[in-house]
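*Asks:* Here it is: the structure, laid out below.
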Amino acid sequence: MKTLQLEFYKIRRRNVWLSMFAMLGIQLLWGLWAMRNPKDWELASGWMSLLYSLSVLDGLMMPTIMSLLASRLADIEHKGNTYKQLKTLRPAACLYQAKALCGTIILIVLLALQAAFFILYGYCLGYEGNPDLHHYLLSYGLKFASCLSLFLLQLLLSMLFANQMISLVIGLGGSMIALLVMFVAHYSFLPWGGILSSTLVGMDWDKTSRIITYFYREYSPIETAAVVCIFVWVVVFYAAGHFLFTRREA
């Protein structure tokens, strides 16, 4: 716990929270613009369309956001060349776990604020009824697992390589991969496709009426396997980061 407290102490002037809020602000501005002046049929299916839209938005942005978060947590040690010194004061495993937990806490807060804003905005727009608590909680949990797997991957890269451009470029590339996957499939076994695979809402567009119909998806066996793969990636990336960092010399 002391090591975790020190992690938050070290980043107090690193503008980590400001960076996260800035990225969240971009999403909020998109929501204010994209969901303004809804039509009657959009109000009727507003809560389902909100889940679908957030999945698309997060699928595109979260790989980059997670790479930025991991980089801000890890590069402070690279700049001061203090990893070797810290390993003489604390076990390497303790340092890695503290950074992983610090980022996880920030991620939980970030996703909670995002959910709170968009639900409140949905009420302000006048969406009919109330959000389906079961699907919204499940969506939050799956999104958290997907983002956590991306964060652990990026943390692994950021802690092993002093050049943070490696981690950031992979994060940006992950966003592009997620965009490409959206055009060809409803699921992906890649870590960057986890948010797409765990999307609970599907969409059908009627070309004649130009009305979009939203519905809750029923996963096929292969889509269920893709969702399970999200949790496999969490375990793999955490174990790999823990193993590689604790055996790193510098």
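Ligands are numbered from 1 in the order shown, chains are lettered A, B, ... in the order of the structure tokens, and residues start at 1 in each chain.
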Please report, as a Markdown table, each residue of region 93-211 of chain A lying at most 12 Å from region 30-39 of chain A, together with the nearest pair of atoms and the separation in Å rounded to one decimal; use only C-alpha atoms, and order rows by chain and ascending residue number.
*Replies:*
```
| residue | atom | partner | partner_atom | distance |
| --- | --- | --- | --- | --- |
| A:Gln114 | CA | A:Gly31 | CA | 10.5 |
| A:Ala115 | CA | A:Gly31 | CA | 11.8 |
| A:Phe117 | CA | A:Gly31 | CA | 9.7 |
| A:Phe118 | CA | A:Gly31 | CA | 7.7 |
| A:Ile119 | CA | A:Gly31 | CA | 11.1 |
| A:Leu120 | CA | A:Gly31 | CA | 11.7 |
| A:Tyr121 | CA | A:Leu32 | CA | 8.3 |
| A:Gly122 | CA | A:Met35 | CA | 8.9 |
| A:Cys124 | CA | A:Arg36 | CA | 10.4 |
| A:Leu125 | CA | A:Pro38 | CA | 7.5 |
| A:Gly126 | CA | A:Pro38 | CA | 9.0 |
| A:Tyr127 | CA | A:Pro38 | CA | 9.0 |
| A:Glu128 | CA | A:Pro38 | CA | 11.6 |
| A:Ile211 | CA | A:Lys39 | CA | 10.2 |
```
*Asks:* Dump N, CA, C and O atoms for the selected residues as a PDB file, in the first residue's frame?
*Replies:*
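Listed below is the output, result-v8.pdb:
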```pdb
ATOM      1  N   GLN A 114     -17.296   8.488 -17.307  1.00  0.00           N
ATOM      2  CA  GLN A 114     -17.867   8.421 -18.652  1.00  0.00           C
ATOM      3  C   GLN A 114     -19.296   7.900 -18.607  1.00  0.00           C
ATOM      4  O   GLN A 114     -20.201   8.483 -19.214  1.00  0.00           O
ATOM      5  N   ALA A 115     -19.513   6.803 -17.873  1.00  0.00           N
ATOM      6  CA  ALA A 115     -20.855   6.226 -17.783  1.00  0.00           C
ATOM      7  C   ALA A 115     -21.827   7.204 -17.131  1.00  0.00           C
ATOM      8  O   ALA A 115     -22.966   7.367 -17.607  1.00  0.00           O
ATOM      9  N   PHE A 117     -21.738  10.485 -17.026  1.00  0.00           N
ATOM     10  CA  PHE A 117     -22.075  11.613 -17.893  1.00  0.00           C
ATOM     11  C   PHE A 117     -23.077  11.218 -18.970  1.00  0.00           C
ATOM     12  O   PHE A 117     -24.089  11.901 -19.176  1.00  0.00           O
ATOM     13  N   PHE A 118     -22.808  10.113 -19.671  1.00  0.00           N
ATOM     14  CA  PHE A 118     -23.668   9.756 -20.792  1.00  0.00           C
ATOM     15  C   PHE A 118     -25.057   9.317 -20.331  1.00  0.00           C
ATOM     16  O   PHE A 118     -26.052   9.564 -21.025  1.00  0.00           O
ATOM     17  N   ILE A 119     -25.150   8.676 -19.164  1.00  0.00           N
ATOM     18  CA  ILE A 119     -26.476   8.326 -18.644  1.00  0.00           C
ATOM     19  C   ILE A 119     -27.249   9.587 -18.282  1.00  0.00           C
ATOM     20  O   ILE A 119     -28.444   9.720 -18.601  1.00  0.00           O
ATOM     21  N   LEU A 120     -26.581  10.524 -17.630  1.00  0.00           N
ATOM     22  CA  LEU A 120     -27.219  11.800 -17.302  1.00  0.00           C
ATOM     23  C   LEU A 120     -27.636  12.541 -18.568  1.00  0.00           C
ATOM     24  O   LEU A 120     -28.734  13.116 -18.637  1.00  0.00           O
ATOM     25  N   TYR A 121     -26.778  12.519 -19.571  1.00  0.00           N
ATOM     26  CA  TYR A 121     -27.083  13.185 -20.833  1.00  0.00           C
ATOM     27  C   TYR A 121     -28.286  12.527 -21.513  1.00  0.00           C
ATOM     28  O   TYR A 121     -29.124  13.203 -22.121  1.00  0.00           O
ATOM     29  N   GLY A 122     -28.379  11.193 -21.399  1.00  0.00           N
ATOM     30  CA  GLY A 122     -29.519  10.489 -21.969  1.00  0.00           C
ATOM     31  C   GLY A 122     -30.827  10.930 -21.335  1.00  0.00           C
ATOM     32  O   GLY A 122     -31.838  11.119 -22.021  1.00  0.00           O
ATOM     33  N   CYS A 124     -31.303  13.855 -19.947  1.00  0.00           N
ATOM     34  CA  CYS A 124     -31.523  15.246 -20.379  1.00  0.00           C
ATOM     35  C   CYS A 124     -32.121  15.303 -21.783  1.00  0.00           C
ATOM     36  O   CYS A 124     -32.930  16.185 -22.086  1.00  0.00           O
ATOM     37  N   LEU A 125     -31.731  14.359 -22.641  1.00  0.00           N
ATOM     38  CA  LEU A 125     -32.274  14.318 -23.995  1.00  0.00           C
ATOM     39  C   LEU A 125     -33.695  13.774 -24.022  1.00  0.00           C
ATOM     40  O   LEU A 125     -34.412  13.966 -25.009  1.00  0.00           O
ATOM     41  N   GLY A 126     -34.104  13.088 -22.963  1.00  0.00           N
ATOM     42  CA  GLY A 126     -35.461  12.562 -22.892  1.00  0.00           C
ATOM     43  C   GLY A 126     -35.608  11.150 -23.424  1.00  0.00           C
ATOM     44  O   GLY A 126     -36.681  10.799 -23.951  1.00  0.00           O
ATOM     45  N   TYR A 127     -34.554  10.326 -23.323  1.00  0.00           N
ATOM     46  CA  TYR A 127     -34.678   8.933 -23.751  1.00  0.00           C
ATOM     47  C   TYR A 127     -35.815   8.261 -22.984  1.00  0.00           C
ATOM     48  O   TYR A 127     -35.989   8.467 -21.782  1.00  0.00           O
ATOM     49  N   GLU A 128     -36.582   7.439 -23.695  1.00  0.00           N
ATOM     50  CA  GLU A 128     -37.742   6.790 -23.097  1.00  0.00           C
ATOM     51  C   GLU A 128     -37.312   5.702 -22.111  1.00  0.00           C
ATOM     52  O   GLU A 128     -36.392   4.919 -22.376  1.00  0.00           O
ATOM     53  N   ILE A 211     -33.973   4.197 -41.101  1.00  0.00           N
ATOM     54  CA  ILE A 211     -34.122   4.109 -39.648  1.00  0.00           C
ATOM     55  C   ILE A 211     -33.236   2.979 -39.140  1.00  0.00           C
ATOM     56  O   ILE A 211     -33.204   1.890 -39.719  1.00  0.00           O
TER      57      ILE A 211
END
```
*Asks:* So that I can see what lies close to region 194-200 of chain A, please list as a list in words the residues with an atom at most 8 Å from it, counting only C-alpha atoms and leaving out residues fewer than 2 positions away in the same chain.
*Replies:*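 Once the nearby chain positions are removed, what remains is Leu51, Tyr52, Ser55, Val56, Asp58, Gly59, His135, Ser139, Leu142, Lys143, Ser146, Cys147, Ala178, Met182, His186, Tyr187, Ser188, Phe189, Leu190, Pro191, Trp192, Gly202, Tyr216, Arg217, Glu223, Ala226, Val227 and Ile230 of chain A.
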*Asks:* How about saving the chosen residues, C-alpha atoms kept, as an mmCIF file, in the first residue's frame?
*Replies:*
```cif
data_model
loop_
_atom_site.group_PDB
_atom_site.id
_atom_site.type_symbol
_atom_site.label_atom_id
_atom_site.label_comp_id
_atom_site.auth_asym_id
_atom_site.auth_seq_id
_atom_site.Cartn_x
_atom_site.Cartn_y
_atom_site.Cartn_z
ATOM 1 C CA LEU A 51 -24.418 1.434 -25.516
ATOM 2 C CA TYR A 52 -23.682 0.836 -29.192
ATOM 3 C CA SER A 55 -18.640 0.728 -27.824
ATOM 4 C CA VAL A 56 -17.667 2.151 -31.207
ATOM 5 C CA ASP A 58 -14.212 3.367 -27.016
ATOM 6 C CA GLY A 59 -13.023 0.800 -29.532
ATOM 7 C CA HIS A 135 -26.859 -4.697 -19.657
ATOM 8 C CA SER A 139 -21.190 -3.587 -20.508
ATOM 9 C CA LEU A 142 -16.607 -6.104 -20.111
ATOM 10 C CA LYS A 143 -15.326 -2.700 -21.173
ATOM 11 C CA SER A 146 -10.977 -4.935 -22.358
ATOM 12 C CA CYS A 147 -9.344 -1.651 -21.382
ATOM 13 C CA ALA A 178 -9.813 -1.659 -34.122
ATOM 14 C CA MET A 182 -15.166 -2.910 -37.250
ATOM 15 C CA HIS A 186 -18.405 -8.298 -35.132
ATOM 16 C CA TYR A 187 -15.675 -9.841 -33.024
ATOM 17 C CA SER A 188 -11.911 -10.204 -32.834
ATOM 18 C CA PHE A 189 -9.461 -12.308 -30.864
ATOM 19 C CA LEU A 190 -6.898 -9.490 -30.935
ATOM 20 C CA PRO A 191 -6.542 -7.440 -27.727
ATOM 21 C CA TRP A 192 -7.505 -4.271 -29.602
ATOM 22 C CA GLY A 202 -26.220 -4.786 -32.534
ATOM 23 C CA TYR A 216 -29.393 -6.886 -27.843
ATOM 24 C CA ARG A 217 -26.988 -9.372 -29.396
ATOM 25 C CA GLU A 223 -18.189 -14.695 -30.383
ATOM 26 C CA ALA A 226 -13.738 -13.942 -28.350
ATOM 27 C CA VAL A 227 -15.223 -12.442 -25.173
ATOM 28 C CA ILE A 230 -10.440 -10.739 -23.255
#
```
*Asks:* Go through region 31-247 of chain A and collect every residue that DSSP, computed from the backbone, puts in strand (DSSP E); the answer should be as a ChimeraX atom specification.
*Replies:* /A:201-206,211-216
*Asks:* What lies within 12 Å of Ala22 (chain A) using only C-alpha atoms, ignoring chain neighbours under 6 positions off, as a PDB file with all heavy atoms, in the first residue's frame?
*Replies:*
```pdb
ATOM      1  N   ASN A  15       0.439  15.452 -14.521  1.00  0.00           N
ATOM      2  CA  ASN A  15      -0.763  15.770 -15.303  1.00  0.00           C
ATOM      3  C   ASN A  15      -1.426  14.516 -15.876  1.00  0.00           C
ATOM      4  O   ASN A  15      -2.014  14.567 -16.965  1.00  0.00           O
ATOM      5  CB  ASN A  15      -0.428  16.745 -16.434  1.00  0.00           C
ATOM      6  CG  ASN A  15       0.053  18.088 -15.926  1.00  0.00           C
ATOM      7  OD1 ASN A  15      -0.423  18.574 -14.907  1.00  0.00           O
ATOM      8  ND2 ASN A  15       1.006  18.688 -16.619  1.00  0.00           N
ATOM      9  N   VAL A  16      -1.294  13.399 -15.143  1.00  0.00           N
ATOM     10  CA  VAL A  16      -1.934  12.165 -15.615  1.00  0.00           C
ATOM     11  C   VAL A  16      -3.444  12.325 -15.622  1.00  0.00           C
ATOM     12  O   VAL A  16      -4.125  12.002 -16.613  1.00  0.00           O
ATOM     13  CB  VAL A  16      -1.520  10.970 -14.739  1.00  0.00           C
ATOM     14  CG1 VAL A  16      -2.300   9.717 -15.135  1.00  0.00           C
ATOM     15  CG2 VAL A  16      -0.027  10.719 -14.853  1.00  0.00           C
ATOM     16  N   LEU A  28     -16.813  13.365 -24.560  1.00  0.00           N
ATOM     17  CA  LEU A  28     -18.012  14.073 -24.131  1.00  0.00           C
ATOM     18  C   LEU A  28     -18.457  15.083 -25.186  1.00  0.00           C
ATOM     19  O   LEU A  28     -19.651  15.226 -25.460  1.00  0.00           O
ATOM     20  CB  LEU A  28     -17.759  14.773 -22.798  1.00  0.00           C
ATOM     21  CG  LEU A  28     -17.320  13.877 -21.628  1.00  0.00           C
ATOM     22  CD1 LEU A  28     -17.262  14.680 -20.337  1.00  0.00           C
ATOM     23  CD2 LEU A  28     -18.245  12.687 -21.471  1.00  0.00           C
ATOM     24  N   LEU A  29     -17.493  15.783 -25.779  1.00  0.00           N
ATOM     25  CA  LEU A  29     -17.825  16.747 -26.840  1.00  0.00           C
ATOM     26  C   LEU A  29     -18.430  16.029 -28.042  1.00  0.00           C
ATOM     27  O   LEU A  29     -19.374  16.525 -28.664  1.00  0.00           O
ATOM     28  CB  LEU A  29     -16.578  17.525 -27.251  1.00  0.00           C
ATOM     29  CG  LEU A  29     -16.047  18.540 -26.228  1.00  0.00           C
ATOM     30  CD1 LEU A  29     -14.732  19.135 -26.708  1.00  0.00           C
ATOM     31  CD2 LEU A  29     -17.071  19.646 -25.978  1.00  0.00           C
ATOM     32  N   ILE A  65      -5.714   5.900 -25.529  1.00  0.00           N
ATOM     33  CA  ILE A  65      -5.796   6.428 -24.172  1.00  0.00           C
ATOM     34  C   ILE A  65      -5.011   5.550 -23.204  1.00  0.00           C
ATOM     35  O   ILE A  65      -4.286   6.047 -22.331  1.00  0.00           O
ATOM     36  CB  ILE A  65      -7.276   6.534 -23.723  1.00  0.00           C
ATOM     37  CG1 ILE A  65      -8.013   7.557 -24.589  1.00  0.00           C
ATOM     38  CG2 ILE A  65      -7.368   6.934 -22.249  1.00  0.00           C
ATOM     39  CD1 ILE A  65      -9.497   7.645 -24.291  1.00  0.00           C
ATOM     40  N   LEU A  68      -1.320   6.131 -23.551  1.00  0.00           N
ATOM     41  CA  LEU A  68      -0.928   7.389 -22.912  1.00  0.00           C
ATOM     42  C   LEU A  68      -0.853   7.229 -21.402  1.00  0.00           C
ATOM     43  O   LEU A  68       0.105   7.703 -20.766  1.00  0.00           O
ATOM     44  CB  LEU A  68      -1.942   8.479 -23.282  1.00  0.00           C
ATOM     45  CG  LEU A  68      -1.725   9.859 -22.642  1.00  0.00           C
ATOM     46  CD1 LEU A  68      -0.388  10.444 -23.078  1.00  0.00           C
ATOM     47  CD2 LEU A  68      -2.863  10.806 -23.015  1.00  0.00           C
ATOM     48  N   LEU A  69      -1.826   6.553 -20.814  1.00  0.00           N
ATOM     49  CA  LEU A  69      -1.831   6.342 -19.366  1.00  0.00           C
ATOM     50  C   LEU A  69      -0.610   5.531 -18.930  1.00  0.00           C
ATOM     51  O   LEU A  69       0.083   5.903 -17.971  1.00  0.00           O
ATOM     52  CB  LEU A  69      -3.113   5.614 -18.963  1.00  0.00           C
ATOM     53  CG  LEU A  69      -3.224   5.169 -17.494  1.00  0.00           C
ATOM     54  CD1 LEU A  69      -3.100   6.363 -16.554  1.00  0.00           C
ATOM     55  CD2 LEU A  69      -4.529   4.423 -17.257  1.00  0.00           C
ATOM     56  N   LEU A 110     -12.111   6.701 -14.569  1.00  0.00           N
ATOM     57  CA  LEU A 110     -12.354   7.246 -15.908  1.00  0.00           C
ATOM     58  C   LEU A 110     -13.624   6.662 -16.523  1.00  0.00           C
ATOM     59  O   LEU A 110     -14.486   7.404 -17.025  1.00  0.00           O
ATOM     60  CB  LEU A 110     -11.148   6.944 -16.801  1.00  0.00           C
ATOM     61  CG  LEU A 110     -11.181   7.519 -18.220  1.00  0.00           C
ATOM     62  CD1 LEU A 110     -11.044   9.035 -18.173  1.00  0.00           C
ATOM     63  CD2 LEU A 110     -10.068   6.919 -19.072  1.00  0.00           C
TER      64      LEU A 110
END
```
*Asks:* Name the closest residue to Leu111 (chain A) among the candidates A:Leu172, A:Ala145, A:Asp204, A:Ser67; distances are taken between atoms, counting only C-alpha atoms.
*Replies:*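 Of the candidates, the smallest distance to Leu111 (chain A) is held by A:Ala145.
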